[in-house]
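Have a look at the structure below, then the notes.
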Amino acid sequence: MNQKPAIPAKLQNNKIKQYVGFVVCIMIMLVVPIWKDHKIFGIDLGHEDEKKVETIRQVENGIIINTSEIGKDIIGYGGVTPVEITISDGKIKNITALPNQETPEFYGAIRNSDILESLDGKTLAEAMETPIDGVAGATYSSKAIIGNIKAGIEYAAKNENIFVSSKKESEKLPLKFYITIVIILAGGIIPFFIKDKRYRTLQLILNVLLLGFWGGTFISYSLMTSYAANGISQVTLIPTGLMLIAAFIYPFFGKKDYYCLWMCPYGSFQELLGKCVKVKIKMKPEVIKWLNYFRQALWFVLMWLLWTGLWFDWMGYEPFAAFFFKDAGVVTLCIAGGFLILSLFVQRPYCRFVCPTGSLFKYAEGNY
């Protein structure tokens with residue numbers, strides 16, 4: 001009888017390491033939001049005794065709508081983004097943003113825009129028919145704020161017994177959404193069929209300009225912990241889901257580091273800059289070896305800070321946030337800019353020797 005060839009022991013061990021690494025990394029990303037947000041996939045943990053926020057309360061000449069409950073499933077970049085809507089004499093007096101989980105880099109653009117003031121003075125009926133523009137550079141955050149505002153206005157209209165057409169204005173996804181998906185799919189499929197340096201350069205350029213600066217679409221610890229805490233919203237499910245598949249699922253089929261090499265906007269930016277300068281810093285194998293040790297040690301320290309709850313804010317300093325350069329913090333911009341300058345002379349320095357997100361992917365691939 002024909003027997004199937006035995007799988008080499010080394011290959012079996014590598015597969016086992018990969019499965020173990022994948023499970024451990026998933027557990028890591030599930031533990032962090034429990035510490036940080038006391039939530040997992042939108043479910044509050046250990047807060048049953050807390051008094052629930054009133055969605056509607058009476059004030060002189062009007063009411064105030066708090067969207068903490070009715071908007072709890074509307075997720076921005078870092079989490080929920082509730083608002084309070086004050087309605088006086090049948091008109092919107094003001095809209096105030098409540099404390100939220102968005103990082104300053106992504107929420108700064110909201111504060112500098114007119115989203116919160118765009119409906120002042122309008123009746124509820126007028127407000128429901130008034131489109132609200134999002135904010136470039138804060139796509140997820142602005143969509144979440146707009147979603148909370150609309151949910152609050154609809155709630156107020158129903159509770160004030162104002163006649164409102166039951167037909168909701170259909171939310172048309174912007175052209176940016178479809179272009180983003182096309183770019184991600186191109187990076188995730190075309191390289192299997194086209195082995196051409198010119199195409200790779202084109203993909204890198206598209207990653208930087210469209211996924212990075214234009215769309216603000218990438219994977220970071222802030223994003224992953226937000227999804228683990230709150231779940232993935234419908235708007236971000238497809239583009240981010242495709243990236244997560246490339247990062248965590250592709251390696252099971254032999255495509256390791258795929259997201260980092262073909263989709264990550266910041267990694268693409270480093271590689272493109274590296275093509276601009278032919279003179280490179282030659283590093284000895286011993287130096288590269290110790291830099292790899294540094295990357296691993298840094299990752300363990302940062303994971304320890306997350307697991308113990310001592311410092312969550314380091315996630316806000318990953319250089320990916322620098323694509324929102326108008327709202328990114330000075331430290332984040334300096335880190336991002338410094339490694340971009342270094343990438344002129346060293347191949348992808350941040351990716352190879354620092355990136356905590358990339359380290360997570362490596363451990364999920366069994367490279368530990």
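Within each chain, counting starts at residue 1; across the structure tokens, chains are named A, B, ... in the order shown, with ligands numbered 1 upward in that order.
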
key: Spatial neighbours of stretch 232-239 of chain A, 10 Å, only C-alpha atoms, chain gap at least 3 places, as a PyMOL selection string   = chain A and resi 41-42+73-77+79+140+143-144+173+177-178+180-185+217-218+223-224+226-229+242-244

Secondary structure check, helix (DSSP H, G or I) residues of stretch 98-314 of chain A, as a count of residues only = 142

ask   = Within 10 Å of stretch 92-101 of chain A, counting only C-alpha atoms, which residues qualify if same-chain residues fewer than 3 places away don't, as a PyMOL selection string?
value = chain A and resi 37+62-68+75-89+104+107+110-111+115-124+126-127+145+148-149+153+226

Store the residues picked out above, limited to C-alpha atoms, as a PDB file, in the first residue's frame.
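The result, written out as selection15.pdb:
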```
ATOM      1  CA  ASP A  37     -11.196  49.462  29.423  1.00  0.00           C
ATOM      2  CA  GLY A  62     -35.846  71.675  27.174  1.00  0.00           C
ATOM      3  CA  ILE A  63     -34.033  68.378  27.473  1.00  0.00           C
ATOM      4  CA  ILE A  64     -30.491  66.963  27.330  1.00  0.00           C
ATOM      5  CA  ILE A  65     -29.742  63.764  25.425  1.00  0.00           C
ATOM      6  CA  ASN A  66     -26.748  61.690  26.534  1.00  0.00           C
ATOM      7  CA  THR A  67     -25.722  59.104  23.921  1.00  0.00           C
ATOM      8  CA  SER A  68     -23.569  56.950  26.235  1.00  0.00           C
ATOM      9  CA  ILE A  75     -17.086  52.809  17.737  1.00  0.00           C
ATOM     10  CA  GLY A  76     -14.435  55.320  16.697  1.00  0.00           C
ATOM     11  CA  TYR A  77     -10.726  54.668  16.345  1.00  0.00           C
ATOM     12  CA  GLY A  78     -10.066  54.074  20.043  1.00  0.00           C
ATOM     13  CA  GLY A  79     -13.533  53.322  21.382  1.00  0.00           C
ATOM     14  CA  VAL A  80     -16.908  54.909  22.084  1.00  0.00           C
ATOM     15  CA  THR A  81     -17.392  58.653  21.507  1.00  0.00           C
ATOM     16  CA  PRO A  82     -20.578  59.781  23.335  1.00  0.00           C
ATOM     17  CA  VAL A  83     -22.005  63.294  23.160  1.00  0.00           C
ATOM     18  CA  GLU A  84     -24.582  65.380  24.987  1.00  0.00           C
ATOM     19  CA  ILE A  85     -27.161  67.266  22.945  1.00  0.00           C
ATOM     20  CA  THR A  86     -28.924  70.165  24.644  1.00  0.00           C
ATOM     21  CA  ILE A  87     -32.311  71.007  23.112  1.00  0.00           C
ATOM     22  CA  SER A  88     -34.088  74.170  24.210  1.00  0.00           C
ATOM     23  CA  ASP A  89     -37.408  75.521  22.893  1.00  0.00           C
ATOM     24  CA  PRO A 104      -5.341  62.902  21.193  1.00  0.00           C
ATOM     25  CA  TYR A 107      -9.411  63.339  18.260  1.00  0.00           C
ATOM     26  CA  ILE A 110     -12.625  66.835  15.790  1.00  0.00           C
ATOM     27  CA  ARG A 111     -12.025  69.637  18.279  1.00  0.00           C
ATOM     28  CA  ILE A 115     -18.872  69.114  13.613  1.00  0.00           C
ATOM     29  CA  LEU A 116     -20.152  69.834  17.125  1.00  0.00           C
ATOM     30  CA  GLU A 117     -21.435  73.309  16.147  1.00  0.00           C
ATOM     31  CA  SER A 118     -22.845  72.426  12.724  1.00  0.00           C
ATOM     32  CA  LEU A 119     -26.404  71.889  13.977  1.00  0.00           C
ATOM     33  CA  ASP A 120     -26.669  74.720  16.501  1.00  0.00           C
ATOM     34  CA  GLY A 121     -29.950  76.609  16.194  1.00  0.00           C
ATOM     35  CA  LYS A 122     -31.673  73.986  14.047  1.00  0.00           C
ATOM     36  CA  THR A 123     -34.899  72.214  14.913  1.00  0.00           C
ATOM     37  CA  LEU A 124     -34.781  68.441  15.256  1.00  0.00           C
ATOM     38  CA  GLU A 126     -33.986  70.322  10.219  1.00  0.00           C
ATOM     39  CA  ALA A 127     -31.090  68.593  11.948  1.00  0.00           C
ATOM     40  CA  ILE A 145     -19.184  61.435  16.531  1.00  0.00           C
ATOM     41  CA  ASN A 148     -23.739  59.603  18.037  1.00  0.00           C
ATOM     42  CA  ILE A 149     -25.196  62.963  17.025  1.00  0.00           C
ATOM     43  CA  ILE A 153     -31.324  63.537  17.520  1.00  0.00           C
ATOM     44  CA  SER A 226     -10.002  49.024  20.671  1.00  0.00           C
TER      45      SER A 226
END
```

request  = To one decimal in Å, tell me the separation between atom CA of A:Val32 and atom CA of A:Asp313.
outcome  =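 Straight-line distance from atom CA of A:Val32 to atom CA of A:Asp313 works out to 12.2 Å.
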
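The residue set within 10 Å of A:Val279, counting only C-alpha atoms and dropping same-chain residues fewer than 5 places from it, reads Gly274, Leu344, Phe345 and Val346 of chain A.
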
Store the residues picked out above, limited to N, CA, C and O atoms, as a short mmCIF file (atom, residue, chain, number, x, y, z; two decimals), in the first residue's frame.
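And here's selection-v4.cif as it stands now:
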```
data_model
loop_
_atom_site.label_atom_id
_atom_site.label_comp_id
_atom_site.auth_asym_id
_atom_site.auth_seq_id
_atom_site.Cartn_x
_atom_site.Cartn_y
_atom_site.Cartn_z
N GLY A 274 14.33 54.38 1.32
CA GLY A 274 15.56 53.64 1.18
C GLY A 274 16.01 53.50 -0.26
O GLY A 274 17.21 53.39 -0.55
N LEU A 344 16.76 56.14 5.14
CA LEU A 344 17.52 56.48 3.93
C LEU A 344 18.82 55.68 3.86
O LEU A 344 19.32 55.39 2.77
N PHE A 345 19.33 55.29 5.03
CA PHE A 345 20.64 54.65 5.08
C PHE A 345 20.59 53.22 5.65
O PHE A 345 21.56 52.48 5.52
N VAL A 346 19.47 52.87 6.30
CA VAL A 346 19.31 51.53 6.86
C VAL A 346 17.97 50.98 6.40
O VAL A 346 16.95 51.67 6.48
#
```

request  = One decimal, Å: what's the distance from atom CA of A:Arg352 over to atom CA of A:Ile288, could you say?
outcome  =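 Going from atom CA of A:Arg352 over to atom CA of A:Ile288 covers 9.3 Å.
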
Best match for closeness to A:Asn207 among A:Gly188, A:Pro285, A:Gly152, A:Gly21, counting only C-alpha atoms =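 Ranked by minimum distance to A:Asn207, first place goes to A:Gly188.
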
note = The residue from A:Lys176, A:Gly147, A:Thr225, A:Tyr259 with the smallest atom-to-atom distance to A:Ile189, counting only C-alpha atoms, is A:Tyr259

message = as a VMD selection string, please: the residues near A:Cys264 (cut-off 12 Å, only C-alpha atoms, same-chain neighbours under 3 positions excluded).
response = chain A and resid 183 to 184 187 to 188 203 to 212 216 to 220 240 243 to 244 246 to 247 257 to 261 267 to 271 319 to 320 323 348 351 355 357 to 358

request  = May I ask for the distance between atom CA of A:Ile34 and atom CA of A:Pro356, given in Å to one decimal place?
outcome  =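 Between atom CA of A:Ile34 and atom CA of A:Pro356 the gap is 19.8 Å.
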
inquiry  = Which residue is closest to A:Asn61? Choose from A:Ile281, A:Gly90, A:Val331, A:Leu306 and count only C-alpha atoms.
reply    =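 Between A:Ile281, A:Gly90, A:Val331, A:Leu306, the residue approaching A:Asn61 most closely is A:Gly90.
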
I'd like to know which residues of stretch 71-158 of chain A are strand (DSSP E) (by DSSP, run on the backbone); could you write them as an mmCIF file with N, CA and C atoms, in the first residue's frame?
```cif
data_model
loop_
_atom_site.group_PDB
_atom_site.id
_atom_site.type_symbol
_atom_site.label_atom_id
_atom_site.label_comp_id
_atom_site.auth_asym_id
_atom_site.auth_seq_id
_atom_site.Cartn_x
_atom_site.Cartn_y
_atom_site.Cartn_z
ATOM 1 N N VAL A 83 -21.806 61.841 23.135
ATOM 2 C CA VAL A 83 -22.005 63.294 23.160
ATOM 3 C C VAL A 83 -23.246 63.615 23.980
ATOM 4 N N GLU A 84 -23.353 64.864 24.379
ATOM 5 C CA GLU A 84 -24.582 65.380 24.987
ATOM 6 C C GLU A 84 -25.166 66.442 24.069
ATOM 7 N N ILE A 85 -26.463 66.325 23.819
ATOM 8 C CA ILE A 85 -27.161 67.266 22.945
ATOM 9 C C ILE A 85 -28.179 68.029 23.785
ATOM 10 N N THR A 86 -27.991 69.325 23.889
ATOM 11 C CA THR A 86 -28.924 70.165 24.644
ATOM 12 C C THR A 86 -29.944 70.770 23.690
ATOM 13 N N ILE A 87 -31.222 70.533 23.972
ATOM 14 C CA ILE A 87 -32.311 71.007 23.112
ATOM 15 C C ILE A 87 -33.184 71.938 23.931
ATOM 16 N N SER A 88 -33.310 73.164 23.493
ATOM 17 C CA SER A 88 -34.088 74.170 24.210
ATOM 18 C C SER A 88 -35.084 74.827 23.273
ATOM 19 N N LYS A 91 -35.176 73.627 19.684
ATOM 20 C CA LYS A 91 -34.004 73.772 18.818
ATOM 21 C C LYS A 91 -32.744 73.284 19.539
ATOM 22 N N ILE A 92 -31.791 72.868 18.750
ATOM 23 C CA ILE A 92 -30.530 72.393 19.325
ATOM 24 C C ILE A 92 -29.727 73.601 19.806
ATOM 25 N N LYS A 93 -29.422 73.603 21.087
ATOM 26 C CA LYS A 93 -28.672 74.706 21.664
ATOM 27 C C LYS A 93 -27.180 74.479 21.500
ATOM 28 N N ASN A 94 -26.730 73.286 21.857
ATOM 29 C CA ASN A 94 -25.322 72.950 21.664
ATOM 30 C C ASN A 94 -25.125 71.441 21.757
ATOM 31 N N ILE A 95 -24.004 70.986 21.247
ATOM 32 C CA ILE A 95 -23.613 69.579 21.315
ATOM 33 C C ILE A 95 -22.223 69.527 21.931
ATOM 34 N N THR A 96 -22.080 68.714 22.953
ATOM 35 C CA THR A 96 -20.815 68.639 23.691
ATOM 36 C C THR A 96 -20.264 67.219 23.642
ATOM 37 N N ALA A 97 -18.986 67.104 23.352
ATOM 38 C CA ALA A 97 -18.336 65.792 23.371
ATOM 39 C C ALA A 97 -18.052 65.397 24.812
#
```
